[in-house]
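A.B. asks: What follows is final.txt, compact mmCIF, C-alpha atoms.
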```txt
# COMPACT_ATOMS: atom_id res chain seq x y z
CA MET A 1 62.09 -60.29 20.05
CA THR A 2 61.12 -61.87 16.78
CA ILE A 3 58.35 -60.23 14.82
CA THR A 4 56.69 -62.33 12.18
CA ILE A 5 54.15 -61.27 9.60
CA ASN A 6 51.40 -62.41 11.97
CA HIS A 7 52.23 -59.70 14.49
CA VAL A 8 52.13 -56.95 11.91
CA LEU A 9 48.86 -58.23 10.48
CA VAL A 10 47.30 -58.37 13.94
CA VAL A 11 48.28 -54.74 14.50
CA SER A 12 46.87 -53.85 11.09
CA PHE A 13 43.56 -55.51 11.79
CA LEU A 14 43.28 -53.95 15.23
CA LEU A 15 43.81 -50.53 13.69
CA PHE A 16 41.17 -51.38 11.10
CA GLY A 17 38.72 -52.48 13.77
CA ILE A 18 39.26 -49.33 15.83
CA GLY A 19 38.66 -47.22 12.73
CA LEU A 20 35.57 -49.26 11.91
CA PHE A 21 34.14 -48.61 15.36
CA GLY A 22 34.85 -44.91 14.95
CA VAL A 23 33.03 -44.78 11.61
CA LEU A 24 30.00 -46.57 12.95
CA ALA A 25 29.65 -44.93 16.33
CA ARG A 26 30.82 -41.32 16.33
CA ARG A 27 28.51 -38.37 16.09
CA ASN A 28 30.79 -35.73 14.69
CA PHE A 29 31.20 -36.11 10.94
CA LEU A 30 34.82 -35.00 11.07
CA THR A 31 35.69 -37.77 13.48
CA VAL A 32 34.00 -40.24 11.14
CA LEU A 33 36.30 -39.04 8.35
CA MET A 34 39.30 -39.38 10.62
CA SER A 35 38.32 -42.95 11.41
CA VAL A 36 38.15 -43.68 7.67
CA GLU A 37 41.72 -42.42 7.42
CA LEU A 38 42.65 -44.81 10.23
CA MET A 39 41.22 -47.71 8.26
CA MET A 40 43.22 -46.76 5.19
CA ASN A 41 46.33 -46.57 7.32
CA ALA A 42 45.68 -50.11 8.47
CA VAL A 43 45.41 -51.27 4.87
CA ASN A 44 48.71 -49.58 4.07
CA LEU A 45 50.38 -51.35 6.95
CA ASN A 46 49.08 -54.66 5.66
CA LEU A 47 50.38 -53.97 2.15
CA VAL A 48 53.81 -52.90 3.31
CA ALA A 49 54.18 -55.90 5.63
CA PHE A 50 53.45 -58.33 2.83
CA SER A 51 55.69 -56.40 0.49
CA LYS A 52 58.56 -56.94 2.89
CA ARG A 53 57.72 -60.59 3.40
CA LEU A 54 57.42 -61.45 -0.29
CA SER A 55 60.41 -59.23 -1.20
CA ASP A 56 58.24 -57.57 -3.83
CA LEU A 57 57.89 -53.85 -4.37
CA THR A 58 54.31 -54.08 -5.64
CA GLY A 59 52.86 -53.70 -2.15
CA GLN A 60 54.75 -50.49 -1.56
CA VAL A 61 53.67 -49.05 -4.91
CA PHE A 62 50.09 -49.95 -4.10
CA SER A 63 50.37 -48.28 -0.70
CA VAL A 64 51.58 -45.07 -2.36
CA PHE A 65 48.44 -45.18 -4.51
CA VAL A 66 46.29 -45.79 -1.44
CA ILE A 67 47.79 -42.70 0.19
CA THR A 68 47.05 -40.71 -2.96
CA ILE A 69 43.44 -41.83 -3.08
CA ALA A 70 43.06 -41.18 0.63
CA ALA A 71 44.26 -37.63 0.13
CA GLY A 72 41.74 -37.01 -2.64
CA GLU A 73 38.96 -38.61 -0.63
CA ALA A 74 39.80 -36.55 2.43
CA ALA A 75 39.65 -33.36 0.34
CA ILE A 76 36.23 -34.22 -1.06
CA GLY A 77 34.95 -35.36 2.34
CA LEU A 78 36.04 -32.15 3.96
CA ALA A 79 34.44 -30.05 1.23
CA LEU A 80 31.26 -32.03 1.85
CA THR A 81 31.62 -31.32 5.56
CA ILE A 82 31.74 -27.60 4.93
CA SER A 83 28.75 -27.84 2.62
CA LEU A 84 26.82 -29.89 5.18
CA PHE A 85 27.63 -27.41 7.90
CA ARG A 86 26.42 -24.52 5.78
CA GLN A 87 23.14 -26.27 5.08
CA ARG A 88 22.28 -27.57 8.52
CA LYS A 89 24.49 -25.61 10.90
CA THR A 90 25.46 -28.85 12.61
CA LEU A 91 27.94 -31.65 12.14
CA ASN A 92 25.87 -34.24 13.94
CA VAL A 93 25.44 -37.21 11.65
CA GLU A 94 22.29 -38.25 13.48
CA GLU A 95 20.59 -35.09 12.27
CA ALA A 96 21.42 -35.87 8.66
CA HIS A 97 20.27 -39.44 8.49
CA THR A 98 17.04 -38.91 6.61
CA LEU A 99 18.67 -37.61 3.42
CA GLN A 100 15.99 -34.93 3.27
CA GLY A 101 16.47 -31.29 2.56
CA MET B 1 65.59 -66.63 9.00
CA THR B 2 62.75 -67.24 6.63
CA GLY B 3 59.37 -65.96 7.64
CA THR B 4 60.44 -63.52 10.30
CA LEU B 5 60.36 -59.86 9.55
CA LEU B 6 62.18 -58.20 12.36
CA THR B 7 64.43 -59.52 15.07
CA GLY B 8 66.03 -58.24 18.21
CA GLY B 9 66.02 -54.53 18.92
CA ALA B 10 63.96 -53.75 15.85
CA GLY B 11 61.34 -56.13 17.16
CA TRP B 12 61.08 -54.18 20.42
CA ALA B 13 60.91 -50.95 18.46
CA PHE B 14 58.04 -52.41 16.47
CA ALA B 15 56.26 -53.37 19.68
CA VAL B 16 56.60 -49.85 21.08
CA PHE B 17 55.48 -48.20 17.84
CA SER B 18 52.51 -50.49 17.40
CA VAL B 19 51.30 -50.03 20.99
CA LEU B 20 51.57 -46.26 20.59
CA ALA B 21 49.79 -46.36 17.23
CA LEU B 22 46.93 -48.45 18.63
CA GLY B 23 46.66 -46.26 21.73
CA ALA B 24 46.53 -43.14 19.60
CA ALA B 25 43.89 -44.76 17.38
CA VAL B 26 41.71 -45.54 20.40
CA ALA B 27 42.16 -41.95 21.54
CA VAL B 28 41.04 -40.70 18.11
CA VAL B 29 37.82 -42.63 18.40
CA VAL B 30 37.15 -41.78 22.03
CA ALA B 31 38.12 -38.11 22.28
CA LYS B 32 35.28 -35.61 22.51
CA ASN B 33 37.04 -32.62 21.05
CA PRO B 34 37.70 -33.06 17.30
CA VAL B 35 40.96 -31.16 17.64
CA HIS B 36 42.17 -33.77 20.13
CA SER B 37 41.07 -36.48 17.71
CA ALA B 38 43.03 -34.82 14.92
CA LEU B 39 46.20 -34.59 17.00
CA PHE B 40 45.94 -38.19 18.12
CA LEU B 41 45.41 -39.20 14.51
CA LEU B 42 48.59 -37.34 13.64
CA ALA B 43 50.42 -39.30 16.33
CA SER B 44 49.02 -42.55 14.93
CA PHE B 45 50.17 -41.62 11.44
CA LEU B 46 53.67 -40.88 12.66
CA MET B 47 53.87 -44.20 14.53
CA VAL B 48 52.70 -46.12 11.46
CA ALA B 49 55.31 -44.25 9.39
CA CYS B 50 57.94 -45.44 11.90
CA ILE B 51 56.69 -49.00 11.40
CA PHE B 52 57.05 -48.49 7.66
CA PHE B 53 60.66 -47.45 8.16
CA LEU B 54 61.26 -50.64 10.12
CA GLN B 55 59.85 -52.68 7.23
CA GLU B 56 62.37 -51.34 4.71
CA ALA B 57 59.63 -49.17 3.22
CA GLU B 58 61.36 -45.84 3.40
CA PHE B 59 59.55 -44.26 0.49
CA PRO B 60 56.01 -45.09 1.67
CA GLY B 61 57.02 -43.93 5.14
CA ALA B 62 58.23 -40.60 3.84
CA VAL B 63 55.13 -40.21 1.65
CA GLN B 64 52.98 -41.02 4.68
CA ILE B 65 54.60 -38.27 6.72
CA LEU B 66 54.51 -35.73 3.92
CA VAL B 67 51.01 -36.39 2.61
CA TYR B 68 49.11 -37.62 5.65
CA ALA B 69 50.79 -35.74 8.47
CA GLY B 70 51.72 -32.71 6.46
CA GLY B 71 48.76 -32.36 4.13
CA ILE B 72 45.66 -34.21 5.21
CA MET B 73 45.93 -33.36 8.90
CA VAL B 74 46.47 -29.68 8.11
CA LEU B 75 43.34 -29.85 5.95
CA PHE B 76 41.40 -31.48 8.78
CA LEU B 77 42.54 -28.86 11.25
CA PHE B 78 41.57 -26.04 8.93
CA VAL B 79 38.09 -27.47 8.45
CA ILE B 80 37.71 -28.08 12.20
CA MET B 81 38.61 -24.45 12.71
CA LEU B 82 36.06 -23.35 10.09
CA VAL B 83 33.16 -25.38 11.46
CA HIS B 84 33.98 -25.03 15.10
CA GLN B 85 30.98 -24.73 17.36
CA ARG B 86 31.03 -23.51 20.92
CA THR B 87 28.50 -26.13 21.96
CA ALA B 88 30.63 -29.01 20.74
CA ALA B 89 32.05 -29.64 24.20
CA THR B 90 28.69 -30.43 25.73
CA THR B 91 27.33 -32.82 23.17
CA VAL B 92 27.61 -36.57 23.47
CA ALA B 93 30.47 -38.07 21.52
CA PHE B 94 28.89 -41.32 20.38
CA GLN B 95 25.78 -42.10 18.41
CA ASN B 96 22.83 -43.94 19.87
CA GLN B 97 23.89 -47.28 18.47
CA TRP B 98 27.44 -47.24 19.79
CA ASP B 99 27.06 -50.46 21.76
CA ILE B 100 25.84 -52.36 18.71
CA ALA B 101 28.69 -50.81 16.72
CA LEU B 102 31.21 -51.95 19.33
CA LEU B 103 29.75 -55.45 19.31
CA PHE B 104 29.85 -55.55 15.54
CA SER B 105 33.45 -54.36 15.41
CA VAL B 106 34.56 -56.95 17.93
CA VAL B 107 32.65 -59.76 16.21
CA PHE B 108 34.08 -58.63 12.87
CA LEU B 109 37.60 -58.69 14.20
CA LEU B 110 37.55 -61.96 16.13
CA PRO B 111 37.80 -64.40 13.18
CA PHE B 112 40.57 -62.36 11.61
CA LEU B 113 42.54 -62.12 14.82
CA TYR B 114 42.14 -65.83 15.47
CA ILE B 115 43.25 -66.78 11.99
CA LEU B 116 46.14 -64.35 12.00
CA GLY B 117 47.20 -65.39 15.45
CA THR B 118 47.33 -69.09 14.69
CA GLU B 119 48.09 -69.26 10.99
CA THR B 120 51.59 -70.12 9.98
CA PHE B 121 52.33 -68.68 6.64
CA PRO B 122 54.51 -70.83 4.39
CA GLU B 123 58.19 -70.27 4.78
CA ILE B 124 59.66 -68.53 1.78
CA PRO B 125 63.25 -67.47 1.35
CA GLN B 126 63.59 -63.78 1.94
CA ASN B 127 65.81 -61.76 -0.27
CA PRO B 128 67.67 -59.35 1.97
CA ASN B 129 67.71 -55.79 0.71
CA ALA B 130 65.32 -56.79 -2.06
CA LEU B 131 63.26 -53.68 -1.49
CA ARG B 132 66.24 -51.43 -2.09
CA MET B 133 67.62 -53.03 -5.22
CA ALA B 134 66.95 -52.09 -8.77
CA GLY B 135 68.54 -53.98 -11.59
CA GLY B 136 70.91 -55.74 -9.22
CA HIS B 137 72.38 -52.58 -7.71
CA LEU B 138 71.74 -51.32 -4.23
CA VAL B 139 70.04 -48.03 -5.00
CA GLY B 140 67.78 -47.30 -2.08
CA ASN B 141 64.08 -47.75 -1.62
CA THR B 142 62.96 -44.56 -3.36
CA GLU B 143 64.76 -45.31 -6.60
CA ALA B 144 63.61 -48.93 -6.54
CA VAL B 145 59.98 -47.88 -6.05
CA ALA B 146 60.35 -45.27 -8.77
CA LEU B 147 61.69 -47.81 -11.25
CA VAL B 148 58.76 -50.12 -10.60
CA LEU B 149 56.22 -47.30 -10.52
CA TYR B 150 57.26 -45.60 -13.73
CA ARG B 151 57.78 -48.78 -15.70
CA SER B 152 55.24 -51.37 -14.67
CA TYR B 153 52.60 -49.13 -13.13
CA LEU B 154 52.69 -46.07 -15.34
CA LEU B 155 49.00 -46.20 -16.23
CA PRO B 156 47.78 -46.25 -12.60
CA PHE B 157 50.16 -43.38 -11.94
CA GLU B 158 48.57 -41.29 -14.69
CA VAL B 159 45.08 -42.28 -13.55
CA ALA B 160 45.99 -41.19 -10.02
CA SER B 161 47.03 -37.78 -11.31
CA VAL B 162 43.71 -37.42 -13.17
CA PHE B 163 41.95 -38.48 -9.99
CA LEU B 164 43.72 -35.76 -8.03
CA LEU B 165 42.66 -33.21 -10.62
CA VAL B 166 39.04 -34.36 -10.35
CA ALA B 167 39.22 -34.29 -6.56
CA MET B 168 40.61 -30.77 -6.59
CA VAL B 169 37.93 -29.47 -8.95
CA GLY B 170 35.24 -31.29 -7.00
CA ALA B 171 36.40 -29.88 -3.69
CA VAL B 172 36.38 -26.36 -5.07
CA VAL B 173 32.89 -26.79 -6.50
CA LEU B 174 31.54 -28.35 -3.32
CA GLY B 175 33.08 -25.68 -1.16
CA LYS B 176 31.64 -22.76 -3.01
CA ARG B 177 28.80 -20.88 -1.46
CA SER B 178 25.66 -21.55 -3.46
CA VAL B 179 24.71 -18.59 -5.57
CA GLU B 180 20.99 -18.09 -5.16
CA LYS B 181 20.31 -15.64 -7.88
CA VAL B 182 17.30 -16.30 -10.03
CA ASP B 183 17.03 -14.39 -13.27
```
For this file, produce the structure as structure tokens.
C.D. replies:
Amino acid sequence: MTITINHVLVVSFLLFGIGLFGVLARRNFLTVLMSVELMMNAVNLNLVAFSKRLSDLTGQVFSVFVITIAAGEAAIGLALTISLFRQRKTLNVEEAHTLQG
Amino acid sequence: MTGTLLTGGAGWAFAVFSVLALGAAVAVVVAKNPVHSALFLLASFLMVACIFFLQEAEFPGAVQILVYAGGIMVLFLFVIMLVHQRTAATTVAFQNQWDIALLFSVVFLLPFLYILGTETFPEIPQNPNALRMAGGHLVGNTEAVALVLYRSYLLPFEVASVFLLVAMVGAVVLGKRSVEKVD
């Protein structure tokens, strides 16, 4: 079976779309953060696929940076989750949508 | 052959890994229990790391397993444990606008999937083992990435380390209990 760049990009975009749906439609804030990680994974897959196709290492270096930034962002997001839970005793994003209090 | 990435058995392996990764991603978004979501996300990360290994990206694959599966998921599981609520099993999983969100996601994806499905990228000669060579020698992916990273991309590397410091300090500050003493 021959896999071209198109197949890998389709997989990458499907992962991105699934993560996008999770960000927009889930109630639990932790699941929203996990969907953001899914989207970053999809971007990494895209970068690595093109890096292989163009025989250039830049895509792989960029994907290492994306993983780094995702780690930092996950740490901050989780600290925010704990702070949010302490304030409102709930992780429901629908109860935090007014930016009040 | 120019333009193809994987052939033969590796192509079937890619198909299996990608189907498992997409299935695990759907399970992340659909699962009610956040612990289930976290474990399915871990499975998705591991499948994407396997796809990286197929694409001659051994270093990003190893970093993905170490950082994502070994660091970020552990962090997620700790926080899920800290904010666990008994009533979480009875609440609805999706927000009120989930149908509009699904429609938006599908409409967002359709042009991309059509273009990617029908576009033929220009044929370029592929350099075999190009991602494992540094200075003409076959050194392995990690050393090749390191040579590029520490020579051409040294400034982003240093900025990333400063970013990690800022993220660490910020997470500690945000996680502290607020001290409500008034003098």
A.B. asks: Between A:Leu47, A:Val32, A:Ile76, A:Val66, which is the closest to chain B once you count all atoms listed in the file?
C.D. replies: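 Answer, going by the shortest atom-to-atom distance: A:Ile76.
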A.B. asks: Can you tell me, as a list in words, what residues are no more than 10 Å from Leu45 of chain A when counting all atoms listed in the file, ignoring any on the same chain fewer than 6 positions away?
C.D. replies: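 Listed by chain and then number, they are Val8, Leu9, Val11, Ser12, Phe13, Leu15, Met39, Ser51, Gly59, Gln60 and Ser63 of chain A; Val48, Ala49, Ile51, Phe52, Gln55 and Pro60 of chain B.
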A.B. asks: Just checking: using all atoms listed in the file, which residue out of A:Leu78, A:Met34, A:Ala49, A:Ala71 ends up closest to Asn6 of chain A?
C.D. replies: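 That would be A:Ala49, the residue with the smallest distance to Asn6 of chain A.
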A.B. asks: What's the separation between atom CA of Arg26 of chain A and atom CA of Trp98 of chain B, in Å to one decimal place?
C.D. replies: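 We find that atom CA of Arg26 of chain A and atom CA of Trp98 of chain B lie 7.6 Å from each other.
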A.B. asks: Residues of chain A within 10 Å of segment 69-79 of chain B: nearest atom pair and distance (Å, one decimal) for each, counting only C-alpha atoms, sorted by chain and number, as a tab-separated table?
C.D. replies:
```
residue	atom	partner	partner_atom	distance
A:Leu30	CA	B:Phe76	CA	7.8
A:Thr31	CA	B:Phe76	CA	9.7
A:Leu33	CA	B:Phe76	CA	9.1
A:Met34	CA	B:Phe76	CA	8.4
A:Glu37	CA	B:Ile72	CA	9.4
A:Ala70	CA	B:Ile72	CA	8.7
A:Ala71	CA	B:Ile72	CA	6.3
A:Gly72	CA	B:Ile72	CA	9.2
A:Glu73	CA	B:Ile72	CA	9.9
A:Ala74	CA	B:Ile72	CA	6.9
A:Ala75	CA	B:Leu75	CA	7.6
A:Gly77	CA	B:Phe76	CA	9.9
A:Leu78	CA	B:Val79	CA	6.8
A:Ala79	CA	B:Val79	CA	8.5
A:Thr81	CA	B:Val79	CA	8.1
A:Ile82	CA	B:Val79	CA	7.3
```
A.B. asks: For the residues in that selection, give me C-alpha atoms as a PDB file, keeping the file's coordinate frame.
C.D. replies:
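Final output, saved to again-v4.pdb:
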```
ATOM      1  CA  LEU A  30      34.820 -35.000  11.070  1.00  0.00           C
ATOM      2  CA  THR A  31      35.690 -37.770  13.480  1.00  0.00           C
ATOM      3  CA  LEU A  33      36.300 -39.040   8.350  1.00  0.00           C
ATOM      4  CA  MET A  34      39.300 -39.380  10.620  1.00  0.00           C
ATOM      5  CA  GLU A  37      41.720 -42.420   7.420  1.00  0.00           C
ATOM      6  CA  ALA A  70      43.060 -41.180   0.630  1.00  0.00           C
ATOM      7  CA  ALA A  71      44.260 -37.630   0.130  1.00  0.00           C
ATOM      8  CA  GLY A  72      41.740 -37.010  -2.640  1.00  0.00           C
ATOM      9  CA  GLU A  73      38.960 -38.610  -0.630  1.00  0.00           C
ATOM     10  CA  ALA A  74      39.800 -36.550   2.430  1.00  0.00           C
ATOM     11  CA  ALA A  75      39.650 -33.360   0.340  1.00  0.00           C
ATOM     12  CA  GLY A  77      34.950 -35.360   2.340  1.00  0.00           C
ATOM     13  CA  LEU A  78      36.040 -32.150   3.960  1.00  0.00           C
ATOM     14  CA  ALA A  79      34.440 -30.050   1.230  1.00  0.00           C
ATOM     15  CA  THR A  81      31.620 -31.320   5.560  1.00  0.00           C
ATOM     16  CA  ILE A  82      31.740 -27.600   4.930  1.00  0.00           C
TER      17      ILE A  82
END
```
A.B. asks: When you count only C-alpha atoms, which of these residues is closest to chain A: B:Leu154, B:Cys50, B:Ala93, B:Ala31?
C.D. replies: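 Of the candidates, the smallest distance to chain A is held by B:Ala93.
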A.B. asks: List every protein, DNA or RNA residue that has at least one atom no more than 9 Å from (32.1, -38.3, 24.9) in the file's coordinates, counting only C-alpha atoms, and write the result as a PyMOL selection string.
C.D. replies: chain B and resi 30-33+89-94
A.B. asks: How far is it from atom CA of Phe17 of chain B to atom CA of Phe65 of chain A, in Å with one decimal?
C.D. replies: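 Separation of atom CA of Phe17 of chain B and atom CA of Phe65 of chain A: 23.6 Å.
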A.B. asks: Hey, which of A:Val43, A:Thr58, A:Thr4, A:Glu95 ends up closest to chain B? Count only C-alpha atoms.
C.D. replies: A:Thr4
A.B. asks: My list of candidates is A:Val93, A:Leu20, A:Leu54, A:Ile5. Which is closest to Gly117 of chain B when distances are computed with only C-alpha atoms?
C.D. replies: A:Ile5
A.B. asks: Just checking: using all atoms listed in the file, which residue out of A:Ser83, A:Ala25, A:Asp56, A:Gly17 ends up closest to Ala134 of chain B?
C.D. replies: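 Of A:Ser83, A:Ala25, A:Asp56, A:Gly17, the one nearest Ala134 of chain B, counting all atoms listed in the file, is A:Asp56.
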A.B. asks: Enter the distance from atom CA of Ala146 of chain B to atom CA of Phe45 of chain B, in Å, rounded to one decimal.
C.D. replies: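 About the pair atom CA of Ala146 of chain B and atom CA of Phe45 of chain B: they are 22.9 Å apart.
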A.B. asks: With a distance cut-off of 10 Å and all atoms listed in the file, select the neighbouring residues of Ala62 of chain B, excluding the residue or stretch itself and same-chain residues fewer than 2 positions from it, and output the selection as a list in words.
C.D. replies: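 Non-adjacent residues within range: Leu46, Ala49, Cys50, Phe52, Phe53, Ala57, Glu58, Phe59, Pro60, Gln64, Ile65, Leu66, Val67, Tyr68 and Thr142 of chain B.
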A.B. asks: Using all atoms listed in the file, which protein or nucleic acid residues come within 10 Å of Phe29 of chain A? Drop anything in the same chain fewer than 6 positions from it, and give the result as a list of chain:residue names.
C.D. replies: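 Using all atoms listed in the file, the neighbours found are A:Val23, A:Ser35, A:Gly77, A:Leu78, A:Leu80, A:Thr81, A:Leu84, A:Phe85, A:Thr90, A:Leu91, A:Asn92, A:Val93, A:Glu94, B:Pro34.
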A.B. asks: Give me, as a list in words, all polymer residues having an atom no more than 12 Å from Tyr153 of chain B, counting only C-alpha atoms and skipping those fewer than 2 positions away in the same chain.
C.D. replies: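 The residues satisfying every condition are Leu57, Thr58, Gly59, Gln60, Val61, Phe62, Val64 and Phe65 of chain A; Val145, Ala146, Leu147, Val148, Leu149, Tyr150, Arg151, Leu155, Pro156, Phe157, Glu158, Val159 and Ala160 of chain B.
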A.B. asks: Reconstruct N, CA and C atoms of segment 36-63 of chain A from the incomplete input and present them as a PDB file, keeping the file's coordinate frame.
C.D. replies:
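Generated file (part11.pdb):
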```pdb
ATOM      1  N   VAL A  36      37.930 -43.099   8.997  1.00  0.00           N
ATOM      2  CA  VAL A  36      38.150 -43.680   7.670  1.00  0.00           C
ATOM      3  C   VAL A  36      39.627 -43.612   7.323  1.00  0.00           C
ATOM      4  N   GLU A  37      40.289 -42.507   7.678  1.00  0.00           N
ATOM      5  CA  GLU A  37      41.720 -42.420   7.420  1.00  0.00           C
ATOM      6  C   GLU A  37      42.493 -43.461   8.211  1.00  0.00           C
ATOM      7  N   LEU A  38      42.024 -43.755   9.432  1.00  0.00           N
ATOM      8  CA  LEU A  38      42.650 -44.810  10.230  1.00  0.00           C
ATOM      9  C   LEU A  38      42.560 -46.157   9.529  1.00  0.00           C
ATOM     10  N   MET A  39      41.393 -46.425   8.941  1.00  0.00           N
ATOM     11  CA  MET A  39      41.220 -47.710   8.260  1.00  0.00           C
ATOM     12  C   MET A  39      42.160 -47.805   7.064  1.00  0.00           C
ATOM     13  N   MET A  40      42.319 -46.700   6.339  1.00  0.00           N
ATOM     14  CA  MET A  40      43.220 -46.760   5.190  1.00  0.00           C
ATOM     15  C   MET A  40      44.669 -46.932   5.628  1.00  0.00           C
ATOM     16  N   ASN A  41      45.007 -46.368   6.768  1.00  0.00           N
ATOM     17  CA  ASN A  41      46.330 -46.570   7.320  1.00  0.00           C
ATOM     18  C   ASN A  41      46.584 -48.032   7.621  1.00  0.00           C
ATOM     19  N   ALA A  42      45.555 -48.691   8.155  1.00  0.00           N
ATOM     20  CA  ALA A  42      45.680 -50.110   8.470  1.00  0.00           C
ATOM     21  C   ALA A  42      45.919 -50.922   7.208  1.00  0.00           C
ATOM     22  N   VAL A  43      45.226 -50.571   6.136  1.00  0.00           N
ATOM     23  CA  VAL A  43      45.410 -51.270   4.870  1.00  0.00           C
ATOM     24  C   VAL A  43      46.833 -51.067   4.355  1.00  0.00           C
ATOM     25  N   ASN A  44      47.337 -49.856   4.499  1.00  0.00           N
ATOM     26  CA  ASN A  44      48.710 -49.580   4.070  1.00  0.00           C
ATOM     27  C   ASN A  44      49.709 -50.414   4.833  1.00  0.00           C
ATOM     28  N   LEU A  45      49.474 -50.561   6.137  1.00  0.00           N
ATOM     29  CA  LEU A  45      50.380 -51.350   6.950  1.00  0.00           C
ATOM     30  C   LEU A  45      50.393 -52.802   6.495  1.00  0.00           C
ATOM     31  N   ASN A  46      49.202 -53.301   6.170  1.00  0.00           N
ATOM     32  CA  ASN A  46      49.080 -54.660   5.660  1.00  0.00           C
ATOM     33  C   ASN A  46      49.871 -54.837   4.363  1.00  0.00           C
ATOM     34  N   LEU A  47      49.698 -53.895   3.440  1.00  0.00           N
ATOM     35  CA  LEU A  47      50.380 -53.970   2.150  1.00  0.00           C
ATOM     36  C   LEU A  47      51.893 -53.935   2.304  1.00  0.00           C
ATOM     37  N   VAL A  48      52.367 -53.047   3.162  1.00  0.00           N
ATOM     38  CA  VAL A  48      53.810 -52.900   3.310  1.00  0.00           C
ATOM     39  C   VAL A  48      54.406 -54.120   3.994  1.00  0.00           C
ATOM     40  N   ALA A  49      53.672 -54.703   4.943  1.00  0.00           N
ATOM     41  CA  ALA A  49      54.180 -55.900   5.630  1.00  0.00           C
ATOM     42  C   ALA A  49      54.329 -57.052   4.650  1.00  0.00           C
ATOM     43  N   PHE A  50      53.333 -57.244   3.800  1.00  0.00           N
ATOM     44  CA  PHE A  50      53.450 -58.330   2.830  1.00  0.00           C
ATOM     45  C   PHE A  50      54.504 -58.029   1.776  1.00  0.00           C
ATOM     46  N   SER A  51      54.651 -56.750   1.449  1.00  0.00           N
ATOM     47  CA  SER A  51      55.690 -56.400   0.490  1.00  0.00           C
ATOM     48  C   SER A  51      57.061 -56.766   1.009  1.00  0.00           C
ATOM     49  N   LYS A  52      57.258 -56.567   2.324  1.00  0.00           N
ATOM     50  CA  LYS A  52      58.560 -56.940   2.890  1.00  0.00           C
ATOM     51  C   LYS A  52      58.699 -58.453   2.919  1.00  0.00           C
ATOM     52  N   ARG A  53      57.617 -59.145   3.242  1.00  0.00           N
ATOM     53  CA  ARG A  53      57.720 -60.590   3.400  1.00  0.00           C
ATOM     54  C   ARG A  53      57.964 -61.271   2.076  1.00  0.00           C
ATOM     55  N   LEU A  54      57.272 -60.797   1.011  1.00  0.00           N
ATOM     56  CA  LEU A  54      57.420 -61.450  -0.290  1.00  0.00           C
ATOM     57  C   LEU A  54      58.546 -60.852  -1.099  1.00  0.00           C
ATOM     58  N   SER A  55      59.283 -59.893  -0.522  1.00  0.00           N
ATOM     59  CA  SER A  55      60.410 -59.230  -1.200  1.00  0.00           C
ATOM     60  C   SER A  55      59.989 -58.690  -2.546  1.00  0.00           C
ATOM     61  N   ASP A  56      58.793 -58.093  -2.588  1.00  0.00           N
ATOM     62  CA  ASP A  56      58.240 -57.570  -3.830  1.00  0.00           C
ATOM     63  C   ASP A  56      57.874 -56.122  -3.592  1.00  0.00           C
ATOM     64  N   LEU A  57      58.159 -55.276  -4.555  1.00  0.00           N
ATOM     65  CA  LEU A  57      57.890 -53.850  -4.370  1.00  0.00           C
ATOM     66  C   LEU A  57      56.464 -53.469  -4.697  1.00  0.00           C
ATOM     67  N   THR A  58      55.672 -54.419  -5.201  1.00  0.00           N
ATOM     68  CA  THR A  58      54.310 -54.080  -5.640  1.00  0.00           C
ATOM     69  C   THR A  58      53.471 -53.552  -4.485  1.00  0.00           C
ATOM     70  N   GLY A  59      53.649 -54.151  -3.293  1.00  0.00           N
ATOM     71  CA  GLY A  59      52.860 -53.700  -2.150  1.00  0.00           C
ATOM     72  C   GLY A  59      53.159 -52.265  -1.787  1.00  0.00           C
ATOM     73  N   GLN A  60      54.410 -51.877  -1.899  1.00  0.00           N
ATOM     74  CA  GLN A  60      54.750 -50.490  -1.560  1.00  0.00           C
ATOM     75  C   GLN A  60      54.193 -49.521  -2.594  1.00  0.00           C
ATOM     76  N   VAL A  61      54.237 -49.913  -3.863  1.00  0.00           N
ATOM     77  CA  VAL A  61      53.670 -49.050  -4.910  1.00  0.00           C
ATOM     78  C   VAL A  61      52.179 -48.892  -4.688  1.00  0.00           C
ATOM     79  N   PHE A  62      51.514 -50.006  -4.369  1.00  0.00           N
ATOM     80  CA  PHE A  62      50.090 -49.950  -4.100  1.00  0.00           C
ATOM     81  C   PHE A  62      49.795 -49.041  -2.909  1.00  0.00           C
ATOM     82  N   SER A  63      50.641 -49.104  -1.871  1.00  0.00           N
ATOM     83  CA  SER A  63      50.370 -48.280  -0.700  1.00  0.00           C
ATOM     84  C   SER A  63      50.544 -46.804  -1.017  1.00  0.00           C
TER      85      SER A  63
END
```
